[in-house]
Each structure stands twice: as C-alpha cells, then as structure tokens.
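Asker: Before we start, here is the structure in question, set down as structure tokens.
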Amino acid sequence: MTTTDPRSMSTGDLGKSTSKFKPNLSKRYQLDNIFRALTWLAIFIGLAVLAALIIDTIIDGSSRLRLDFLTSFPSRRAERAGIASSLVGTMWLLLITASVAFPIGVGAGIYLQEFASDNWFTRFVEINVSNLAAVPSIIYGMLGLTIFVQLFSGLTQGRSLLSGGLTLALLILPVIIVATREALKSVPDGLRLAGMALGSTRWQTVWHHVLPQAFPGILTGTILALSRAIGETAPLIVIGAQTFIAFVPNSPFSSFSALPIQIFNWTSRPQAAFHANAAAASVVLLVVLLLMNSTAIYLRNRYQQER
Amino acid sequence: MQSNTAVGTDFTFRVEGASYYYGSTLAVKDVHLDIPSRKVTALIGPSGCGKSTVLRCFNRLNDLIPGAHVEGKILFNGTNLYDKKIDATELRRRVGMVFQKSNPFPKSIYENIAFGARINGYQGNMDELVERALRSAALWDEVKDKLKASGLSLSGGQQQRLCIARAIAIEPEVLLMDEPCSALDPISTLQIEDLMQELKENFTIIIVTHNMQQAARVSDMTAFFNAQQTDRDGKMGYLVEYSSTESIFNHPAQQATKDYVSGRFG
C-alpha cells in the first residue's frame, strides 16, 4: 500500500513506496539516453556521409554546371563536352519504360490481388514475381539483348531506345507489381463488400472503389520504381547504349545514350577534366531523381488529403 | 427446434436443413428457418454461433470467402439460391445488405446512392431517386443542403443511414442488417430501429443483433442460435429455437433460450 499523505507531496515526491519494487529509475533513464544517443549517431552518420557525397560532387562539377553543358554534345575536348544527347536519351527511356511498365505492372498487380483465386498456380506466380525483383540488373540486360535487340530486331531496330526502354520496363515490372499489390491490400475490405453488396461485378468494384483508393500508393510506387530505372547502367551497357552520340535521338528506333552511361564513360577517362564533367552530369541526374521523388511525394500527399 | 412459424404469410427465404462450412470446418449445422416476407426477423445468440455466416449466405456474399460453401437447401422465392440459374450479382441487387461498421464510399453523398442505381442500369431520374432513398432512410432533412459533401463527413449514425439509403435505392426485396447499430450511440440506434418499422412495410428485413432488447423491440420473429465447442477447439453453431418474438422472450420452449434471453449467459 502506498502512503500518499498529501502534505508530503512535493514535486516528484510520491511518498514512501512499498519495498516490493526497486524501480532503479536513474539507471533506466541512463540506458534510455544511451540508446537515444546511439540511434541519433546512426542517422547522423548516414546523413553525414550522404551530404558529404553530394557536396563533394557538386563542388567537383561546379565548374561545368552551365547552360551549355546541358545543350552540348559529347566531345573529345572536355570543356566542350555536354550531356544534351544523353539527357534526352534518359528522358526518352523514362517515357518508354513508364508507358510499358505502368499498365502491365498495375494490371498484373490488380489481377493477382483482386481476381486470382488462391491456388498453387497463383502462389507460384507470386513467388516468382518476388524473386524477379531481386535479380541483378545485368541479367535483365542480357535478357534484353537476346530478346529485344536480337530476336525482335525487326520490331525494335536492334540497339535502340525501344530495346533499352523495354529492358528497363522488365526490370522494374516486379517492383511495380509488388507496390500495386501492397496498395490494394491497404484498401479496407469493407469498401469491396459495400460495392459487391450493391450488385456490382468484381471489376466494377475494383474500378470504381478499390483502385481510386489505392491509386496514391500505386503512383508513388511507380515513380520510385522509375527513378530506380533511370539510374541503371549495366543493362543499358549490355543492350548497347552508345557512349558517343552527337545527335539528339528523335525516334524510339534510334540508337541512344543515357546519363548513367555518359557518367560511366567520363569517369573512366584518365583526364581530370572529364571527371568534372562526370560530377556535373551526376548532379543533373540527382536533380532529375529529386524532381521525380518530390513529384511522387507531392502527388501522394495531395491524393491523401482529397479524401 | 422450430416451433410454429408465422401463419398465413409468404416466405421470402426457406432454409431447409442447410449446413454452413468454411473449407472442411462445419460452422453452423442443420438450420431450418422460414423467413416471412415484409417482417423483421432477428437472429440472436452469443458470439461465434454463426449468425453472421447465416446472414451473409442469404445474399451469397459468403461466396467471396475462399472455401466457404453451403450444403443443403436455401430457397429464395422458391428457387434454390445456389442453383446454376441464379446469378449472384443479380441476387445482390435484390437482397441488399447493411454492415456492422458503416462503409460509405469515399464519394459525395449523392454519388454514394447514385452508384448502385447507375451500375444496375437505372433508367429514371437520378435526383428523384436520391431524394427518395434519403427520405426513406430518414436522412433527407439532414443532408439535403450538402449532397455534394463527402459521405465520410457524416456522423456515425448518419453514415449508417446513408448506407441504408444506398441499399434501398436499388429497390431490393430484402434488407439484411448485420448488427447495424453496434457501433452507434443509443439515440442513433433508436432512430434506426424506428426506421426499420417503416421499412418493413416494403422490405423483408433480417437483422443480426447482439442486443437482445433490440431484438425484442424491433422484430416479429426471432431465431436463437447457440454455439458448442468442437473437439478441435473451435465453435460450431446451431439453431436452438425459432419462433415469434413474443414466444421467444416470454415463454421460450428451450431452457437454453430462456437462459440467454434472461441474460444468464452470452
């Protein structure tokens, strides 16, 4: 029984406590603080390294971050070399990859989550989709080379933007499928029941109620998957992206270069001047990624608030 | 045990020896139930006795649960519910449902009601339909100035009445209500109970409720279900007694019924 004589209640004084408990509060608070400090250190180290990397890159590339960098083509002279062709190539790839991966990935995710019955075949497909998300990107490059560049060369015209875009689409397809499924899973079942109970078909329920609710999550997942695709170098090298393109690609069937390829190429040159170019191009790539991720976050917040 | 059902009425549903399974597990065994038209039938009983399972099978919403199936016969206006001729989607237009936790669509109040009508191909004036449904659900006066507001902006009781309006807008024959008031305050509950008395002039109502006083207040017929332990640590439900509400509450035939309605267990 705790004696709580009101007259002895000062700030923090709860009176004599029973001898059954030895709370040892000061030691526990100490541990608490140590833990808090350690976790703070963890995030500090992570952020500090990231900040150092970005700042270092910006400093290295600052001499080349000018408008003409964005509008010039690659050149043997480092001061004249720019990323016009590779930047446009990256944009093209983004467009092709998104147009292919989004409908197929979201469609597959909807089927697996809303329509497929729970049998061995469905489970087999699910396991394989999850595994495919972990396959190294260079393997996708080899797949793209064999199928898109060689087998379907009549359709894709060989080492073209189309082949590159299709390969990247394959790469991020499992990620989009998983993101779609997670978004659909988060829609409460009551919504589906309400729709079905009114006499909707399965598809009507999905299209009118489930999808709109899941859309922010699907969109965010897609944009994040696309930003991963933009940074991929290995599969594009295997596909045969060029490193020295002196023209802006104007059709999906043209040969192409991309920002990561250009960065890779400039980094491997011995001249220090090219390293500055590589740093500047990295900054541009980072800006593109930042814009995409910010768009994802903005869209997600906007859709979530509308409801 | 079924004593005499209401005499001289049509029966919307006749459950003739139906057993309800989830996979290989028997959830409710051997139910005999005749649901009279244009009356309120209450299904009462302790938790786990399968009342919601029985209710959900009337509009075949249980089909959505993998492995759920029914053995035996359930007749809807004379036709077997699980007959190949019966289309589950069409059935659900004719047998509506209101759920325990109100689930209005995240759309406007108008759209909530218009949606069901639209997908079922309603040919008439939508504005009139929405107004009629809201009036029948005793919600029109409260929302007539804000039909474009989100359905989710309403209070709990209003949301549930919106769900009722949504269900009756497509003119079903039956309204299934799965503990519609359990998440509501007493005043909203009474409003919905009064609503049920009006609605039963046009609809057959089957209500599952945990609240015995509610069953006594609103229903004409009451079915008491109970649950027994199975050897696999599960519960299996069975129908104990089905009779007019007056009989069940005042002179039940089974001791278990008497114990339950007097509050001795459950």
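FYI, nothing fancy with the structure tokens labels: chains A, B, ... in order, residues from 1 per chain, ligands from 1 as they appear.
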Just list the residues in stretch 70-246 of chain B DSSP gives strand (DSSP E) on the backbone, as a ChimeraX atom specification.
Answerer: /B:70-76,79-80,95-98,174-178,204-208,221-229,235-244
Asker: Using only C-alpha atoms, tabulate the residues of chain B lying at most 7 Å from any atom of chain A, each with its closest atom pair and that distance in Å to one decimal, by chain and increasing residue number, as JSON lines.
Answerer:
{"residue": "B:Thr89", "atom": "CA", "partner": "A:Gly199", "partner_atom": "CA", "distance": 4.8}
{"residue": "B:Glu90", "atom": "CA", "partner": "A:Gly199", "partner_atom": "CA", "distance": 6.1}
{"residue": "B:Arg92", "atom": "CA", "partner": "A:Gly199", "partner_atom": "CA", "distance": 4.7}
{"residue": "B:Arg93", "atom": "CA", "partner": "A:Gly199", "partner_atom": "CA", "distance": 4.7}
{"residue": "B:Gly96", "atom": "CA", "partner": "A:Ala197", "partner_atom": "CA", "distance": 6.2}
{"residue": "B:Met97", "atom": "CA", "partner": "A:Ala197", "partner_atom": "CA", "distance": 6.0}
{"residue": "B:Asn103", "atom": "CA", "partner": "A:Gly190", "partner_atom": "CA", "distance": 6.0}
{"residue": "B:Phe105", "atom": "CA", "partner": "A:Leu191", "partner_atom": "CA", "distance": 6.7}
{"residue": "B:Pro106", "atom": "CA", "partner": "A:Arg307", "partner_atom": "CA", "distance": 6.7}
{"residue": "B:Gly116", "atom": "CA", "partner": "A:Leu198", "partner_atom": "CA", "distance": 5.7}
{"residue": "B:Ile119", "atom": "CA", "partner": "A:Ser200", "partner_atom": "CA", "distance": 6.8}
{"residue": "B:Ala167", "atom": "CA", "partner": "A:Leu198", "partner_atom": "CA", "distance": 6.6}
Asker: Write out as an MDAnalysis selection string the set of residues from stretch 74-193 of chain B that DSSP, computed on the backbone, places in helix (DSSP H, G or I).
Answerer: chainID B and resid 88:94 109:119 126:136 140:143 151:153 156:169 186:193
Asker: Neighbours of stretch 254-258 of chain B within 12 Å (only C-alpha atoms; same-chain residues fewer than 3 positions away dropped), as an MDAnalysis selection string?
Answerer: chainID B and resid 1:3 44:46 212 222:228 239:243 245 247:251 261:266
Asker: For a quick check of understanding, using only C-alpha atoms, which of A:Met142, A:Ala133, A:Ser257, A:Glu114 has the smallest distance to A:Val187?
Answerer: A:Glu114
Asker: List the spatial neighbours of A:Asp56 as a PyMOL selection string - criterion: any atom at most 12 Å away, only C-alpha atoms, same-chain residues fewer than 3 positions off excluded.
Answerer: chain A and resi 48-53+59-62+276+279-280+282-283
Asker: Could the residues in this selection be written to a file with N, CA and C atoms, as a PDB file, in the first residue's frame?
Answerer:
ATOM      1  N   ALA A  48      25.387  12.280 -42.785  1.00  0.00           N
ATOM      2  CA  ALA A  48      26.646  12.991 -42.990  1.00  0.00           C
ATOM      3  C   ALA A  48      27.371  12.448 -44.214  1.00  0.00           C
ATOM      4  N   VAL A  49      27.408  11.123 -44.330  1.00  0.00           N
ATOM      5  CA  VAL A  49      28.075  10.527 -45.493  1.00  0.00           C
ATOM      6  C   VAL A  49      27.369  10.951 -46.772  1.00  0.00           C
ATOM      7  N   LEU A  50      26.050  10.879 -46.741  1.00  0.00           N
ATOM      8  CA  LEU A  50      25.280  11.277 -47.921  1.00  0.00           C
ATOM      9  C   LEU A  50      25.528  12.732 -48.278  1.00  0.00           C
ATOM     10  N   ALA A  51      25.518  13.585 -47.253  1.00  0.00           N
ATOM     11  CA  ALA A  51      25.742  15.014 -47.504  1.00  0.00           C
ATOM     12  C   ALA A  51      27.138  15.236 -48.061  1.00  0.00           C
ATOM     13  N   ALA A  52      28.120  14.554 -47.482  1.00  0.00           N
ATOM     14  CA  ALA A  52      29.499  14.718 -47.961  1.00  0.00           C
ATOM     15  C   ALA A  52      29.598  14.330 -49.424  1.00  0.00           C
ATOM     16  N   LEU A  53      28.947  13.225 -49.766  1.00  0.00           N
ATOM     17  CA  LEU A  53      28.981  12.743 -51.150  1.00  0.00           C
ATOM     18  C   LEU A  53      28.396  13.775 -52.104  1.00  0.00           C
ATOM     19  N   ILE A  59      30.760  20.245 -55.747  1.00  0.00           N
ATOM     20  CA  ILE A  59      31.985  21.043 -55.842  1.00  0.00           C
ATOM     21  C   ILE A  59      32.792  20.633 -57.070  1.00  0.00           C
ATOM     22  N   ASP A  60      32.930  19.315 -57.249  1.00  0.00           N
ATOM     23  CA  ASP A  60      33.704  18.827 -58.392  1.00  0.00           C
ATOM     24  C   ASP A  60      33.124  19.287 -59.716  1.00  0.00           C
ATOM     25  N   GLY A  61      31.792  19.312 -59.758  1.00  0.00           N
ATOM     26  CA  GLY A  61      31.173  19.584 -61.048  1.00  0.00           C
ATOM     27  C   GLY A  61      30.825  21.039 -61.245  1.00  0.00           C
ATOM     28  N   SER A  62      31.054  21.855 -60.210  1.00  0.00           N
ATOM     29  CA  SER A  62      30.545  23.226 -60.263  1.00  0.00           C
ATOM     30  C   SER A  62      31.103  23.992 -61.459  1.00  0.00           C
ATOM     31  N   ALA A 276      35.376  16.210 -63.912  1.00  0.00           N
ATOM     32  CA  ALA A 276      34.485  17.326 -63.587  1.00  0.00           C
ATOM     33  C   ALA A 276      33.175  17.189 -64.346  1.00  0.00           C
ATOM     34  N   ALA A 279      31.089  14.607 -62.695  1.00  0.00           N
ATOM     35  CA  ALA A 279      30.451  15.114 -61.474  1.00  0.00           C
ATOM     36  C   ALA A 279      29.258  15.978 -61.817  1.00  0.00           C
ATOM     37  N   ALA A 280      29.451  16.848 -62.837  1.00  0.00           N
ATOM     38  CA  ALA A 280      28.342  17.732 -63.228  1.00  0.00           C
ATOM     39  C   ALA A 280      27.158  16.912 -63.718  1.00  0.00           C
ATOM     40  N   SER A 282      26.443  13.907 -62.864  1.00  0.00           N
ATOM     41  CA  SER A 282      25.840  13.262 -61.701  1.00  0.00           C
ATOM     42  C   SER A 282      24.878  14.200 -60.998  1.00  0.00           C
ATOM     43  N   VAL A 283      25.289  15.480 -60.931  1.00  0.00           N
ATOM     44  CA  VAL A 283      24.409  16.450 -60.279  1.00  0.00           C
ATOM     45  C   VAL A 283      23.090  16.550 -61.044  1.00  0.00           C
TER      46      VAL A 283
END
Asker: For stretch 75-87 of chain A, find every residue with an atom within 12 Å (counting only C-alpha atoms), except residues of its own chain fewer than 6 positions away, and show them as a PyMOL selection string.
Answerer: chain A and resi 61+63-69+93-94+161+230+241-250+254-267+269-285+287-288
Asker: So how far away is atom CA of A:Leu211 from atom CA of A:Phe115, in Å?
Answerer: 13.3 Å
Asker: Give me the residues within 6 Å of B:Asp30 as a PDB file with C-alpha atoms, in the first residue's frame, counting only C-alpha atoms and dropping any in the same chain fewer than 3 places off.
Answerer:
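Writing done, so here's out-v9.pdb:
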ATOM      1  CA  GLY B  17     -31.538 -28.259 -43.475  1.00  0.00           C
ATOM      2  CA  ALA B  18     -28.606 -26.104 -44.531  1.00  0.00           C
ATOM      3  CA  SER B  19     -25.163 -26.604 -43.032  1.00  0.00           C
TER       4      SER B  19
END
Asker: To one decimal place in Å, what is the distance between atom CA of B:Ala27 and atom CA of B:Asn62?
Answerer: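 Between these atoms lies a distance of 12.4 Å.
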Asker: In Å to one decimal, how far is atom CA of A:Ala101 from atom CA of A:Leu166?
Answerer: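 Atom-to-atom, atom CA of A:Leu166 to atom CA of A:Ala101, that is 8.2 Å.
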Asker: Can you tell me, as an MDAnalysis selection string, what residues are no more than 8 Å from stretch 133-135 of chain B when counting only C-alpha atoms, ignoring any on the same chain fewer than 5 positions away?
Answerer: chainID B and resid 113 140:141 162 165:166 168:169
